[in-house]
Amino acid sequence: MSSTDKWLLKSSKRSGASMTKRDKASSMPTPAERNSVLADLDQAVVVARQAVEVAPSGHPDRAALLNNLGSALRARFERRGDLADLDQAVVVARQAVEVAPSGHPDRAALLNNLGSALRARFERRGDLADLDQAVELARQALAESPVDGPRYPTILSNLGAMLWEVGRREEALAVAMEAVAIRRRLAEENPAAYMPDLAMALNNLGAMVSNAGRWEEALAVVMEAVAIRRRLAEENPAAYMPDLAMALNNLGATLSNAGRREEALAVAMEAVAIRRRLAEENPAAYEPSLASALNNLGNRLSEVGRLHDALAVAMEAVAIYSQVAATSPAAYEPELAASRSNLAGAYLTAGQLERAMPLYEQTLADSVRVLGEDHPDTLLA
């Protein structure tokens, strides 16, 4: 099985390029999400549902209450991986849109939230109908949001990411460039408030340009994103060090694509070092991100011929994902399957076919069981 280098396309997800192995860049939890416990999320869902149930039909805040419930369900899905929560979040987000009349001050945000929920479900189920609908909702949200409004650049970035995922790449690039231009202007006016958003917009643009094969152009964009995030992390490590690790991961992938493999290896090592420190401080929140960074480092080591080191790193990634998948299977079994595939690829590169084949077979079986027979990752397996 060959897998794909993965970039993070995110607004304040993800697009693949045809490479030999999978690089993952995963979104980082907010500080509250990192420190939350599942019991708190369960209680948040219960309370949000009670608020919806006691609000009479026609209550002026009903759309907001439904939106809160949908957000709580999405947060629990992201921690537990239970698709029932995500399905329910889609239903609730749709109800919130339906009760918000045209001209409602939050209608653009509600449309955007529904689109985001559908996009998240597409990423787990692979149903293109969800993604097509998410694109249309993003267009509606953009049309209903003032160009100079605070939500406009976020919705614009979401639209660009989704256009890329449905293959409308020239449109996606134009939208991503517009999002960068808007956020650059806002960051010049108020750096403290908008510099993180500029870094994320640059990240999205860099992902698209890189996946389009324009490596040198992508490097300039991604290096700017890394420079911004490095400054932010120096000023506030607790808040921004995870984002720096993610930006370094993307830079490493771009350097590798551009043929600058030794530089890519150094960057991947720095990303692993950051995530290892974070995982030591808070294992529950950051061990999955460490495993993702280890997968990427394994790819970089393999590219420079350090096959023994690549195998050791890939084994560590599988071990971590096996541990977290044991406690949260729905959330991490897809990542475990991808990590096993990377380990199989490392064995194959090292000429150990007898060790690679069982891992590839297990990857396929797990993909069918977890994602279904028609999911793109299963077909790739």
# chains A, B, ... in the order shown; residues from 1 in each chain; ligands from 1
>>> residues_around(residues="stretch 37-47 of chain A", least_positions_apart="5", cutoff="12 Å", atoms="only C-alpha atoms", output="mmCIF file with N, CA, C and O atoms, in the first residue's frame")
data_model
loop_
_atom_site.group_PDB
_atom_site.id
_atom_site.type_symbol
_atom_site.label_atom_id
_atom_site.label_comp_id
_atom_site.auth_asym_id
_atom_site.auth_seq_id
_atom_site.Cartn_x
_atom_site.Cartn_y
_atom_site.Cartn_z
ATOM 1 N N ALA A 32 -8.525 24.817 26.368
ATOM 2 C CA ALA A 32 -9.616 24.217 27.150
ATOM 3 C C ALA A 32 -9.809 22.754 26.785
ATOM 4 O O ALA A 32 -10.033 21.900 27.644
ATOM 5 N N VAL A 52 -32.051 23.507 25.096
ATOM 6 C CA VAL A 52 -32.868 23.452 23.874
ATOM 7 C C VAL A 52 -34.275 22.976 24.194
ATOM 8 O O VAL A 52 -35.274 23.512 23.680
ATOM 9 N N GLU A 53 -34.370 21.983 25.059
ATOM 10 C CA GLU A 53 -35.681 21.390 25.358
ATOM 11 C C GLU A 53 -36.599 22.343 26.112
ATOM 12 O O GLU A 53 -37.827 22.317 25.918
ATOM 13 N N VAL A 54 -36.039 23.205 26.973
ATOM 14 C CA VAL A 54 -36.902 24.086 27.760
ATOM 15 C C VAL A 54 -37.226 25.384 27.018
ATOM 16 O O VAL A 54 -38.144 26.105 27.418
ATOM 17 N N LEU A 65 -29.019 28.404 20.967
ATOM 18 C CA LEU A 65 -29.028 27.242 21.847
ATOM 19 C C LEU A 65 -28.746 25.960 21.068
ATOM 20 O O LEU A 65 -27.996 25.087 21.525
ATOM 21 N N LEU A 66 -29.356 25.844 19.897
ATOM 22 C CA LEU A 66 -29.090 24.684 19.043
ATOM 23 C C LEU A 66 -27.625 24.657 18.613
ATOM 24 O O LEU A 66 -26.986 23.599 18.572
ATOM 25 N N ASN A 67 -27.104 25.835 18.297
ATOM 26 C CA ASN A 67 -25.698 25.908 17.892
ATOM 27 C C ASN A 67 -24.780 25.455 19.026
ATOM 28 O O ASN A 67 -23.789 24.749 18.797
ATOM 29 N N ASN A 68 -25.106 25.843 20.263
ATOM 30 C CA ASN A 68 -24.305 25.416 21.410
ATOM 31 C C ASN A 68 -24.325 23.898 21.577
ATOM 32 O O ASN A 68 -23.302 23.274 21.867
ATOM 33 N N LEU A 69 -25.508 23.311 21.388
ATOM 34 C CA LEU A 69 -25.615 21.856 21.484
ATOM 35 C C LEU A 69 -24.791 21.183 20.388
ATOM 36 O O LEU A 69 -24.065 20.216 20.645
ATOM 37 N N GLY A 70 -24.891 21.710 19.170
ATOM 38 C CA GLY A 70 -24.101 21.146 18.075
ATOM 39 C C GLY A 70 -22.607 21.237 18.344
ATOM 40 O O GLY A 70 -21.853 20.294 18.070
ATOM 41 N N SER A 71 -22.174 22.359 18.908
ATOM 42 C CA SER A 71 -20.756 22.539 19.218
ATOM 43 C C SER A 71 -20.296 21.546 20.280
ATOM 44 O O SER A 71 -19.188 20.997 20.196
ATOM 45 N N ALA A 72 -21.132 21.312 21.280
ATOM 46 C CA ALA A 72 -20.780 20.355 22.334
ATOM 47 C C ALA A 72 -20.674 18.937 21.768
ATOM 48 O O ALA A 72 -19.763 18.175 22.115
ATOM 49 N N LEU A 73 -21.596 18.594 20.882
ATOM 50 C CA LEU A 73 -21.551 17.268 20.262
ATOM 51 C C LEU A 73 -20.311 17.111 19.382
ATOM 52 O O LEU A 73 -19.670 16.057 19.380
ATOM 53 N N ARG A 74 -19.966 18.181 18.648
ATOM 54 C CA ARG A 74 -18.754 18.143 17.822
ATOM 55 C C ARG A 74 -17.514 17.964 18.685
ATOM 56 O O ARG A 74 -16.596 17.201 18.362
ATOM 57 N N ALA A 75 -17.454 18.691 19.805
ATOM 58 C CA ALA A 75 -16.293 18.583 20.695
ATOM 59 C C ALA A 75 -16.170 17.172 21.253
ATOM 60 O O ALA A 75 -15.066 16.613 21.340
ATOM 61 N N ARG A 76 -17.303 16.556 21.591
ATOM 62 C CA ARG A 76 -17.237 15.197 22.122
ATOM 63 C C ARG A 76 -16.845 14.200 21.037
ATOM 64 O O ARG A 76 -16.091 13.251 21.286
ATOM 65 N N PHE A 77 -17.330 14.422 19.818
ATOM 66 C CA PHE A 77 -16.904 13.573 18.705
ATOM 67 C C PHE A 77 -15.395 13.645 18.510
ATOM 68 O O PHE A 77 -14.726 12.628 18.287
ATOM 69 N N GLU A 78 -14.848 14.866 18.593
ATOM 70 C CA GLU A 78 -13.410 15.029 18.354
ATOM 71 C C GLU A 78 -12.577 14.355 19.429
ATOM 72 O O GLU A 78 -11.432 13.973 19.174
ATOM 73 N N ARG A 79 -13.138 14.179 20.633
ATOM 74 C CA ARG A 79 -12.411 13.476 21.686
ATOM 75 C C ARG A 79 -12.661 11.973 21.635
ATOM 76 O O ARG A 79 -11.758 11.185 21.892
ATOM 77 N N ARG A 80 -13.896 11.582 21.318
ATOM 78 C CA ARG A 80 -14.235 10.155 21.391
ATOM 79 C C ARG A 80 -14.259 9.473 20.028
ATOM 80 O O ARG A 80 -14.110 8.259 19.936
ATOM 81 N N ASP A 85 -22.323 10.981 17.524
ATOM 82 C CA ASP A 85 -22.268 12.381 17.970
ATOM 83 C C ASP A 85 -22.169 13.328 16.775
ATOM 84 O O ASP A 85 -22.816 14.382 16.738
ATOM 85 N N GLN A 88 -25.471 13.538 14.901
ATOM 86 C CA GLN A 88 -26.421 14.358 15.649
ATOM 87 C C GLN A 88 -26.037 15.836 15.562
ATOM 88 O O GLN A 88 -26.910 16.715 15.477
ATOM 89 N N ALA A 89 -24.726 16.125 15.566
ATOM 90 C CA ALA A 89 -24.279 17.511 15.430
ATOM 91 C C ALA A 89 -24.719 18.098 14.099
ATOM 92 O O ALA A 89 -25.103 19.276 14.022
ATOM 93 N N ALA A 284 -2.155 12.765 27.724
ATOM 94 C CA ALA A 284 -3.481 12.535 27.144
ATOM 95 C C ALA A 284 -3.771 13.473 25.984
ATOM 96 O O ALA A 284 -4.402 13.093 25.005
ATOM 97 N N ALA A 285 -3.286 14.721 26.081
ATOM 98 C CA ALA A 285 -3.585 15.704 25.046
ATOM 99 C C ALA A 285 -2.643 15.606 23.864
ATOM 100 O O ALA A 285 -3.063 15.829 22.722
ATOM 101 N N SER A 328 -9.569 4.822 23.224
ATOM 102 C CA SER A 328 -10.522 5.572 22.380
ATOM 103 C C SER A 328 -10.473 5.014 20.962
ATOM 104 O O SER A 328 -9.950 5.653 20.041
#
>>> closest_residue(among="A:Pro283, A:Gly160, A:Gly298, A:Pro288", to="A:Met269", atoms="only C-alpha atoms")
A:Gly298
>>> closest_residue(among="A:Ala172, A:Val226, A:Leu336, A:Ala331", to="A:Ala319", atoms="only C-alpha atoms")
A:Leu336
>>> residues_around(residues="stretch 341-350 of chain A", least_positions_apart="5", cutoff="12 Å", atoms="only C-alpha atoms", output="MDAnalysis selection string")
chainID A and resid 1:5 20:24 291:292 294:319 334:336 355:367 377:378 380:381
>>> residues_around(residues="A:Glu98", least_positions_apart="5", cutoff="12 Å", atoms="only C-alpha atoms", output="list in words")
Gly58, Arg62, Ala63, Ala64, Leu66, Asn67, Val91, Val92, Ala93, His104, Arg107, Leu110, Leu111 and Leu114 of chain A
>>> write_last_selection(atoms="N, CA and C atoms", output="PDB file, in the first residue's frame")
ATOM      1  N   GLY A  58     -39.943  29.239  18.750  1.00  0.00           N
ATOM      2  CA  GLY A  58     -40.012  30.659  18.483  1.00  0.00           C
ATOM      3  C   GLY A  58     -39.207  31.505  19.448  1.00  0.00           C
ATOM      4  N   ARG A  62     -33.262  30.515  20.191  1.00  0.00           N
ATOM      5  CA  ARG A  62     -33.293  29.076  19.901  1.00  0.00           C
ATOM      6  C   ARG A  62     -32.151  28.668  18.955  1.00  0.00           C
ATOM      7  N   ALA A  63     -31.858  29.490  17.955  1.00  0.00           N
ATOM      8  CA  ALA A  63     -30.771  29.154  17.026  1.00  0.00           C
ATOM      9  C   ALA A  63     -29.442  29.067  17.769  1.00  0.00           C
ATOM     10  N   ALA A  64     -29.207  30.003  18.693  1.00  0.00           N
ATOM     11  CA  ALA A  64     -27.961  29.995  19.455  1.00  0.00           C
ATOM     12  C   ALA A  64     -27.880  28.776  20.367  1.00  0.00           C
ATOM     13  N   LEU A  66     -29.356  25.844  19.897  1.00  0.00           N
ATOM     14  CA  LEU A  66     -29.090  24.684  19.043  1.00  0.00           C
ATOM     15  C   LEU A  66     -27.625  24.657  18.613  1.00  0.00           C
ATOM     16  N   ASN A  67     -27.104  25.835  18.297  1.00  0.00           N
ATOM     17  CA  ASN A  67     -25.698  25.908  17.892  1.00  0.00           C
ATOM     18  C   ASN A  67     -24.780  25.455  19.026  1.00  0.00           C
ATOM     19  N   VAL A  91     -27.412  17.196  12.385  1.00  0.00           N
ATOM     20  CA  VAL A  91     -28.860  17.406  12.486  1.00  0.00           C
ATOM     21  C   VAL A  91     -29.162  18.691  13.256  1.00  0.00           C
ATOM     22  N   VAL A  92     -28.483  18.876  14.388  1.00  0.00           N
ATOM     23  CA  VAL A  92     -28.734  20.045  15.233  1.00  0.00           C
ATOM     24  C   VAL A  92     -28.290  21.325  14.530  1.00  0.00           C
ATOM     25  N   ALA A  93     -27.141  21.280  13.855  1.00  0.00           N
ATOM     26  CA  ALA A  93     -26.668  22.461  13.121  1.00  0.00           C
ATOM     27  C   ALA A  93     -27.635  22.838  12.009  1.00  0.00           C
ATOM     28  N   HIS A 104     -30.952  37.241   9.965  1.00  0.00           N
ATOM     29  CA  HIS A 104     -30.537  36.954  11.349  1.00  0.00           C
ATOM     30  C   HIS A 104     -29.051  37.290  11.490  1.00  0.00           C
ATOM     31  N   ARG A 107     -26.691  34.292  11.093  1.00  0.00           N
ATOM     32  CA  ARG A 107     -27.010  33.271  10.103  1.00  0.00           C
ATOM     33  C   ARG A 107     -25.753  32.813   9.343  1.00  0.00           C
ATOM     34  N   LEU A 110     -23.944  30.368  11.436  1.00  0.00           N
ATOM     35  CA  LEU A 110     -24.667  29.104  11.539  1.00  0.00           C
ATOM     36  C   LEU A 110     -24.501  28.277  10.265  1.00  0.00           C
ATOM     37  N   LEU A 111     -24.562  28.932   9.117  1.00  0.00           N
ATOM     38  CA  LEU A 111     -24.329  28.235   7.844  1.00  0.00           C
ATOM     39  C   LEU A 111     -22.914  27.659   7.806  1.00  0.00           C
ATOM     40  N   LEU A 114     -22.672  24.552  10.075  1.00  0.00           N
ATOM     41  CA  LEU A 114     -23.268  23.375   9.450  1.00  0.00           C
ATOM     42  C   LEU A 114     -22.328  22.808   8.381  1.00  0.00           C
TER      43      LEU A 114
END
